[in-house]
Structure formats: structure tokens, C-alpha cells
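Inspection log for the structure reproduced underneath, given as C-alpha cells.
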Amino acid sequence: MKRKLMRGNDAIIAGAILAGCRSFFGYPITPASEITHAAAKWIPEAGGTFIQAESEIASINMVYGASSAGQRTMTASSSPGMSLKQEGISYCAGSELPCVVVNVMRGGPGLGNIAPEQSDYNQMVKGGGHGNYKVITLAPNSVQEMCDLTILAFELADKYRNPVGILTDGFVGQMIEPLMLPERLSPPPEKSWAVTGDKETKGNLISSIYLSPEELEEHVSHLKRKYDDVEAKEVRFEEYKLDGAKVVTIGYGIVSRILHTAVNAARTAGLPVGLLRPISLWPFPTKKIRELAEKVDAFFVCELSTGQMVDDVRLAVEGRRPVHLYTRYGGSVPTAEELLEKIREKT
Amino acid sequence: MAVEVLKKPRTFYDSYQRKPGTDKITTHYCPGCGHGNLHKLIAEALDEMGLSDRTIFISPVGCSVFAYYYFDVGNVQVAHGRAPAAATGIKRAHPDKIVITYQGDGDLAAIGWNNVFHAANRGEHITVFFVNNAIYGMTGSQMAPTSLVGQKTMTSPRGRDPRNEGYPIKVCEILSVLESPAYIERVSLADTKSINQTRKAVRKALQCQVDGKGFSLVEVLSPCPTGWRMEPRDAKRWVADVLTQNFKLGVFKDVTSERAPYFFKDPDGAPPFDEIKRILGWEEKEKESPLPKVFPSPENRNPQFKIAGFGGQGILVLGLVLAEAGMRQGYQVSWLPSYGPEMRGGTANCHVILSDSKVGSPLVSRPTVLIAQNRPSLEKFESDVVPGGLILYESSLIDRPPQRSDVRVLPVPAAKLADDLGDTRVSNMVALGALIEYTCVVSKEAVLQAIPISVPRKDFYELNRKALETGMEYARSLKK
């Protein structure tokens, strides 16, 4: 299979089709629109449904419906649009509906701008909507991962009957890199819980309402056990040059790519610097960071926000080592040289 | 003497096991409420039309949030107002099933108006039962979008004042002006005669969906004795005497007999891998001939490009062709645009990396090669170029050569050479030709393979090829 240049946003839909996604419901927004364009072009050709919904709210509720009916289904947006989807995501989590929701982050708050930011970390990773729930969140940093992690997202969504988020940024969405099309189809599992409108599934009910405190407590406890299971089994991260590292840099998405270059430059300059890249933002690689805290001198977190993921790093480090933070936001993205200089200050 | 046996429709459960508490026989609705009547009419229709084993019923938020206690069909409960959106997802997943939304006036005409309006406009093949009782029953008698002028509610304690709250929304009147809906009727539950008409309307709306005619909606004027603070009997009378005076009964739209049926294809079953490859444009074309190896000199290896100019100069395409050629030449590559409104007029730039090893940051902050196609780009990025790097600039448009003395400079009058070929638009390929001749980072053959991939317009290929060769020839002439 040959490599083909593809835009990150397009690779999401390539992955979705390989994962047997049969419907996409979306609303255009920069810098996520190419996902909607690709869905409009390819998903109907693959025999599925594409609808440009009247709003983000409608699109997540169409996803709710399609998922109730047993389909692999998805939606995609960017930051302001994601705010609108939160209610629907909460309902999906409450009704235990698998679905994939992509957020190609841009600058905020409010209308902000369309440049890349990572300021929706808390929104995605901590729940985002109302109630006790979690969204499994994957953070690709390349075009290849936009495809691969989308397939994984559908699989995790079905495995845990929960929404899975792809949290990426304007740069990863817009950039073009070679993609090796994964030579595997990912057929959806049997969904005996779905409401498919026949005699066999008539007894099923998709709902998130539990009127009595006892029932709701039991339901939320069930969700909590599920999330504990996810935290035990689904942590994913990439280690780069951690051997002998005294300073561990931590970043995800586009920042991890810049850190990769900065770490190479640091090593060339003889500085013992490595990189830990969380691939799953929830569940977060807390245990790994805790282990590293026993061995290294300091952590260096970089993110395109005023500091959101750093809270999770600090919770993992539990004060045992300094956690330095370097942030850019508003669409400003640090250069590798800039990061190297900041890392140098800390070593 | 004939005896009429009154019995529950089979589409209702025998006993309501999902209902909490010990009473599993009666509904949760208040005495005199219209929901019970309408539920029964729908259940009977589903029975008699043989639809109960192929129906998905969507319970809304409102008093009918627990409709799934009663209907022995597929049941989905959704967020406030979103039933038509959820129904869209369900119906498109299972086009052969009967999908029903059942919505109150707040759900449908306030918070969910946009959703029902657009579902109607798309002509979704769903049936909407809209219960209009002009009040918010469940939350405690607040004003509904359909509350009457002067109607006192908890949130219009002095009576609905059109200057403050506007007028009651006429859902059927508004939706019936849309092209797509097939059948829209308003009925009431005021008395036996009205209920008979409602029975017919319910069946007609469901038949409309069975027959593939599209969107159907039945608005049902319904009593809410509790919300209205009335005795059930008075509430029925109020529907007859007051509500129906404000909301005209009748058929607002019916194109079911003249419209051709349409049935969506069942989207079950994803295509096989080979078909997916074809859809994504991955199928192998005819074998491309192997490319000659390139041997760039050390200062030209692992180039990091910043390519910048005016929008319309083909800056992004230049970068794409370079990245495509680079990938074919065996490099790891990345291409990153400046995106969004920046792309629409004004300046454009992109970052391209060709690397022997994994590409780290796709952002080129210190280019080894700057291709500057206009003066602002040259001025902006000149200082970023690494010492020993290369600045290729558009010498027919830029009247100020680079000021740096620690970089290599390659002036290329690309626009002029392109003009000589008859089309300024190919100046990007002239510049690319000069670049590959000067640096040997990719072969001409790689670029020629890349052009049809990155520039889909076939009629441009020949001109682009000529432009590339012209640029190469120009760079060769400088070497002499």
C-alpha cells in the first residue's frame, strides 16, 4: 500500500469509513470544516448518511439518534461549536451511547480566532457538559494518527458504550503529511442494546432519566466503575528519549511535534531532556508521570492555553518535583528554538 | 344487542413495569389530561396498521417524557426539543422503520423550534405529534410559545402581553408554507367528534410515513386541567370554546396523493476495503516509473521551506507539489498552510519540510530555504533564514534584493518567464524548476509525477511542465 499525502482533517474521515462509520452530522466551522467537506464527499459514496445539520446542537442530537439505532456515527467541530454540543454529549454519556466527536481546537474564549489553541482541554477531558461523566479523549499529533486514532475511537466508543473525543488543533487538522491507509476494517460489534425498530429490540430503552435518587446513584456508580475500567486499561502515551532524561517535557498534539524537535536539539547540545506525549488525555498517563517523578529532576509542560493539562501533571507529580509551565495562546505557537531556550533555563 | 368491549390497544404494555411505584396499571398523567387520549389513538393506529413491531417512538422532555412507560415499541428518550434531530439520526439509520416524535409546545415550538423547522424543511420521513395545550404543564404552569394573548401563567402573571411576549406561535400555519412537508393538520381533543377527527389524522400521518411521502405533523389541541387550574370538564370546554378559536382546525397541507414515494437506502453494511480505497482515491494507477536518485550537496539536505507570496500566486500549490515530489523521492514530508481568511486574498504562506528522518515540528520558524514571491514576504521572512540558507526570490516583481550577505541568493524572474510562456499563473512552477535545478532536492521526474496529483486540472499539465523546464533552464543559465 502506497503512501498518499492527505490533510489531517480528511484523514479523520478516511479512518471513520474504515471503522464502518455510517453517518456524519455536522455544521461548518473553521478550522474543522474540511472534516465536514470530506464527510460530505466520501460517506455517501460509502453508502452512509451525511447531513449538514441546522446547528451543532442538532448535529450531536442526530448522532444521539443514529447511535441509539445502533450505527457507528460521528460529528466534528471546533471550539465554539463544541460548547454547543456539550449538552448532547452529556446525554450520550448518560444514555451510554457510543459516538465519536472531533474537536479541532481554535482560539477562544467566545469567538476568539481561528488559529490553533489547546484551550478546550478541560472542557473535553473533564466532561464538558453537566453531570458525572467522562469522555475518552485521544490527541493525535500527525495525519497518520488522525486516521488511526479515529478508528481506535470508534472501537473504544463501542467497547465502553461512551462518547470518545478526538482533541486536536488547527495545525494538525490543516497540515498535510503522507498517510499509510491502515489495511484493516473495523467491523462494529453486535449491539444488542440498540433500538432498531424491530420485535427483538422492542424491550430496549435508550434513556438517561433515573427519577429516584437510588436509581440515579446506582446508574452513576455503574458509569464510575466503567470509567475506572477505562483508566486501568486505556492509557496511551509515547516516550521519546526518556532514557537518562533529567527533564521530561510533556505536550500533546502540535506542541508534542515542536517539543520533539526541541528535545533533539537539546540532546545535540548535551542536555538530558526527553519527551512524554500523552496520546490519551483521558485517561491521563498519571501512573507513568508518577513513576518518572521518582527518577527525574523536573517536568516541563508546554501547552497552547494558559495552563490546563498542567493541572493533571501536577496532580500526578504530587509536588515531588518542580513542574515548569510554558504557554502560548491566542494562536501564537512557540518555535522549537523558543522551547529549547525555555528548557535550557530550567536545566 | 351489540356490546362494545373497551380494551387497551396491544401497542400499550399489559402493565407499565417501567413506571416507578406500585401502580403499574394507570398512567402518570393527571385526570382530564389530553395525553392519555392521544396516546391511545396512536397505540390503536399502530396496532391496526400493523406497525408496532417496526416503530421507534421518541419521548421528549415535558409531561410525555415517560411515554416509554406505555408504548410497547422501540423507545428512545431525548433532550428537550431535540426529538426531530434525534429522529433524523434514527430514521436515516433505519429508513424502513416508523419513527415518531411526540412533543409538547415548549419542546417543539420554543426550545426545539429550529430542529422541527429544519426536519420539516428537509422533509424527514418522520411523524410528529405535537401536543399544544398552551401551557408548560410539567414545570408548573409557565407560559408556552402557544399561550394565548391575555392568558395568565406563572411567568405571565398579568396575562400574555404581545408587546412583551409576542403572539402565540401558529406552528401548522408556519410549517405548511415549506415545500417539503407532506401532511400537516391541526385537530383537537375537545369532544368525541374532534377525537374522531384526531384518530383519522393520526392514521393519515403514519400512513404518510409508511408510504414514503415525507414529513407529517399533527398538532393536537389538548386540555391541561392542572396547568390551567380548571376542572377536567371545564378544560375540555376551554379547548372547544377558546383554544380552537385561536388555533384554526383543519388540514394545512396535504400533498400525500400527488407526491411520488421515496425510500432512502438502508445504510447497513460498510463497503469492502477495495471499495473504500477507490472512494478515498487510493487505488493504484498504472505503475509509475522509478525515480532517479538525487544527490543534493550538504547545504541543501533536509530542507525546511518557507514559501510566501500574494494569494493567487500559487504559493500553496507550489508547496504541495514540492511535498508530493518529496514523498515520491523517499523523504518524510510535511506541509502546513497559513489558513483561514488569510488565504482569501492578501498574503499566503506555507511551510514544507523534506527530511531523511521523522519530521518533528511541521512549523518552519528558521527556514533553510525561503521562496519569496513578493516584497512583503521577503521583508518579513528574510531575517529568519538560517545562515548559509537559500533565498529564492521573485526578481521580476521584487525591486529590493535580499540584504543578507550570509545566505545564498537565487533571483528568479518567475512571473516574467511565465508571462513569456503565456500565463502568469504558472510562475510558481518556474520558481520550483529553478529551485530543483539549483538544489537537486528532488528530481524533475518526481515533480512531473507530482503535478497531476496536486494540480487536478489536466489541461494545465503541459503548461506546468514547460514552466518547470523553463525555471530549470533559467537556473542552469545562472550557473554558467
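Going by the C-alpha cells order, chains are called A, B, ..., each with residues numbered from 1, while ligands are numbered from 1 in the order shown.
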For this session: Considering only C-alpha atoms, extract the chain B residues located within 6 Å of chain A and return them as a PyMOL selection string.
Result: chain B and resi 53-56+73-77+85-90+93+97+267+270+334-336+360-361
Output file for the selection above: C-alpha atoms, as a compact mmCIF listing (two decimals), in the first residue's frame:
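Writing done, so here's result_22.txt:
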```txt
# COMPACT_ATOMS: atom_id res chain seq x y z
CA ASP B 53 -43.06 -4.12 15.70
CA ARG B 54 -41.40 -1.64 13.37
CA THR B 55 -41.85 1.63 15.25
CA ILE B 56 -39.40 3.74 17.21
CA VAL B 73 -42.43 -0.29 20.66
CA GLY B 74 -38.78 0.73 20.35
CA ASN B 75 -38.25 3.61 22.76
CA VAL B 76 -35.70 6.41 22.85
CA GLN B 77 -35.80 9.33 25.26
CA ALA B 85 -32.88 15.85 15.26
CA ALA B 86 -32.62 12.51 17.06
CA ALA B 87 -35.43 11.20 14.85
CA THR B 88 -33.40 12.24 11.81
CA GLY B 89 -30.46 10.17 13.02
CA ILE B 90 -32.69 7.18 13.74
CA ALA B 93 -30.11 4.67 10.11
CA LYS B 97 -38.84 1.85 10.37
CA PRO B 267 -27.07 2.24 5.09
CA ALA B 270 -19.90 -0.79 5.13
CA SER B 334 5.04 17.76 5.88
CA TRP B 335 3.11 20.72 4.51
CA LEU B 336 1.48 23.31 6.71
CA GLY B 360 9.27 16.82 14.22
CA SER B 361 7.75 20.27 14.21
```
For this session: From a DSSP pass on the backbone, collect the residues of segment 73-183 of chain A flagged as strand (DSSP E) and hand them back as a VMD selection string.
Result: chain A and resid 73 to 77 99 to 107 113 to 116 136 to 138 163 to 169 176 to 180
For this session: Excluding Gly123 of chain B and any residue of its chain fewer than 2 positions from it, enumerate the residues within 9 Å of it, using only C-alpha atoms, and give them as a list of chain:residue names.
Result: B:His118, B:Ala119, B:Ala120, B:Asn121, B:His125, B:Ile126, B:Glu179, B:Ser180, B:Pro181, B:Ala182, B:Lys213, B:Gly214, B:Phe215, B:Ser216
For this session: With a distance cut-off of 9 Å and only C-alpha atoms, select the neighbouring residues of Asp107 of chain B, excluding the residue or stretch itself and same-chain residues fewer than 4 positions from it, and output the selection as a ChimeraX atom specification.
Result: /B:60-62,80-83,103,111-113
Seminar exercise, completed: Using only C-alpha atoms, the best pick from B:Leu370, B:Ile436, B:Ala308, B:Ala67 as closest to Val386 of chain B would be B:Leu370
Exercise. Hey, what's within 8 Å of Val125 of chain A if we count only C-alpha atoms and toss same-chain stuff fewer than 3 positions away? As a list in words, please?
Worked result: Tyr121, Asn122, Gly128, Lys134, Val135, Ile136, Thr137, Leu281 and Trp282 of chain A
Need to verify the contact set: segment 130-142 of chain B, 8 Å, only C-alpha atoms, exclusion of same-chain residues closer than 2 positions in sequence. Can you return it as a compact mmCIF listing (two decimals) with C-alpha atoms, in the first residue's frame?
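What landed in part.txt:
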```txt
# COMPACT_ATOMS: atom_id res chain seq x y z
CA HIS B 35 -52.04 12.92 26.61
CA GLY B 62 -42.18 17.57 29.16
CA CYS B 63 -45.13 15.71 30.62
CA TYR B 102 -44.21 13.23 20.38
CA GLN B 103 -43.63 16.77 21.55
CA GLY B 104 -45.25 19.42 23.68
CA ASP B 105 -45.49 23.10 22.86
CA GLY B 106 -42.41 24.16 24.79
CA LEU B 108 -41.41 21.80 19.82
CA VAL B 128 -44.50 14.47 14.60
CA ALA B 144 -45.79 28.44 26.42
CA PRO B 145 -44.97 29.84 22.97
CA THR B 146 -48.59 28.98 22.18
CA SER B 147 -50.14 30.59 25.28
CA LEU B 148 -52.96 32.91 24.28
CA THR B 153 -49.48 31.79 33.69
CA MET B 154 -46.76 31.70 36.34
CA THR B 155 -44.48 33.65 34.00
CA SER B 156 -47.16 35.89 32.54
CA LEU B 217 -47.15 16.64 11.58
CA VAL B 218 -50.37 16.59 13.54
CA GLU B 219 -50.96 19.39 16.02
CA VAL B 220 -53.36 18.33 18.72
CA LEU B 221 -55.10 20.98 20.85
CA SER B 222 -55.24 19.29 24.18
CA PRO B 223 -56.61 20.03 27.65
CA CYS B 224 -54.32 20.60 30.62
CA THR B 226 -53.86 21.07 36.11
CA GLY B 227 -51.83 23.67 34.26
CA TRP B 228 -54.90 25.75 33.53
```
Exercise. Segment 80-85 of chain A: which residues within 10 Å, counting only C-alpha atoms, same-chain residues fewer than 6 positions away excluded, as a ChimeraX atom specification?
Worked result: /A:26-30,32,55-61,101-112,120,123-124,128-129
Preceding selection exported with C-alpha atoms as an mmCIF file, in the first residue's frame:
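Contents of part_18.cif, freshly written:
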```cif
data_model
loop_
_atom_site.group_PDB
_atom_site.id
_atom_site.type_symbol
_atom_site.label_atom_id
_atom_site.label_comp_id
_atom_site.auth_asym_id
_atom_site.auth_seq_id
_atom_site.Cartn_x
_atom_site.Cartn_y
_atom_site.Cartn_z
ATOM 1 C CA GLY A 26 -22.010 18.322 11.164
ATOM 2 C CA TYR A 27 -22.052 22.063 10.871
ATOM 3 C CA PRO A 28 -19.241 24.006 9.188
ATOM 4 C CA ILE A 29 -16.680 25.869 11.257
ATOM 5 C CA THR A 30 -13.067 26.870 10.660
ATOM 6 C CA ALA A 32 -12.688 21.890 11.196
ATOM 7 C CA SER A 55 -26.727 23.661 14.201
ATOM 8 C CA GLU A 56 -24.120 21.949 16.343
ATOM 9 C CA ILE A 57 -26.914 21.140 18.756
ATOM 10 C CA ALA A 58 -28.892 19.390 16.049
ATOM 11 C CA SER A 59 -25.865 17.509 14.779
ATOM 12 C CA ILE A 60 -24.962 15.977 18.149
ATOM 13 C CA ASN A 61 -28.605 15.025 18.643
ATOM 14 C CA VAL A 101 -16.797 13.690 18.478
ATOM 15 C CA VAL A 102 -13.882 15.568 16.947
ATOM 16 C CA ASN A 103 -12.742 18.966 18.196
ATOM 17 C CA VAL A 104 -10.215 20.795 16.023
ATOM 18 C CA MET A 105 -9.410 23.448 18.600
ATOM 19 C CA ARG A 106 -9.118 27.130 17.774
ATOM 20 C CA GLY A 107 -8.582 30.241 19.858
ATOM 21 C CA GLY A 108 -11.107 31.301 22.499
ATOM 22 C CA PRO A 109 -12.965 32.287 24.612
ATOM 23 C CA GLY A 110 -16.003 33.462 22.689
ATOM 24 C CA LEU A 111 -15.387 33.865 19.010
ATOM 25 C CA GLY A 112 -11.650 34.083 19.689
ATOM 26 C CA ASP A 120 -10.529 23.169 25.312
ATOM 27 C CA GLN A 123 -13.844 21.031 28.502
ATOM 28 C CA MET A 124 -13.127 17.741 26.754
ATOM 29 C CA GLY A 128 -17.652 19.480 29.449
ATOM 30 C CA GLY A 129 -21.377 19.180 29.968
#
```
Exercise. With only C-alpha atoms as the basis for distance, which of A:Gly15, A:Pro163, A:Gly307, A:Gly131 is at the shortest distance from His324 of chain A?
Worked result: A:Gly307
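Here atom CA of Lys204 of chain B stands at a distance of 19.7 Å from atom CA of Gly36 of chain B.
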Problem set entry | Those of segment 76-265 of chain B in DSSP helix (DSSP H, G or I), formatted as a count of residues only | 75
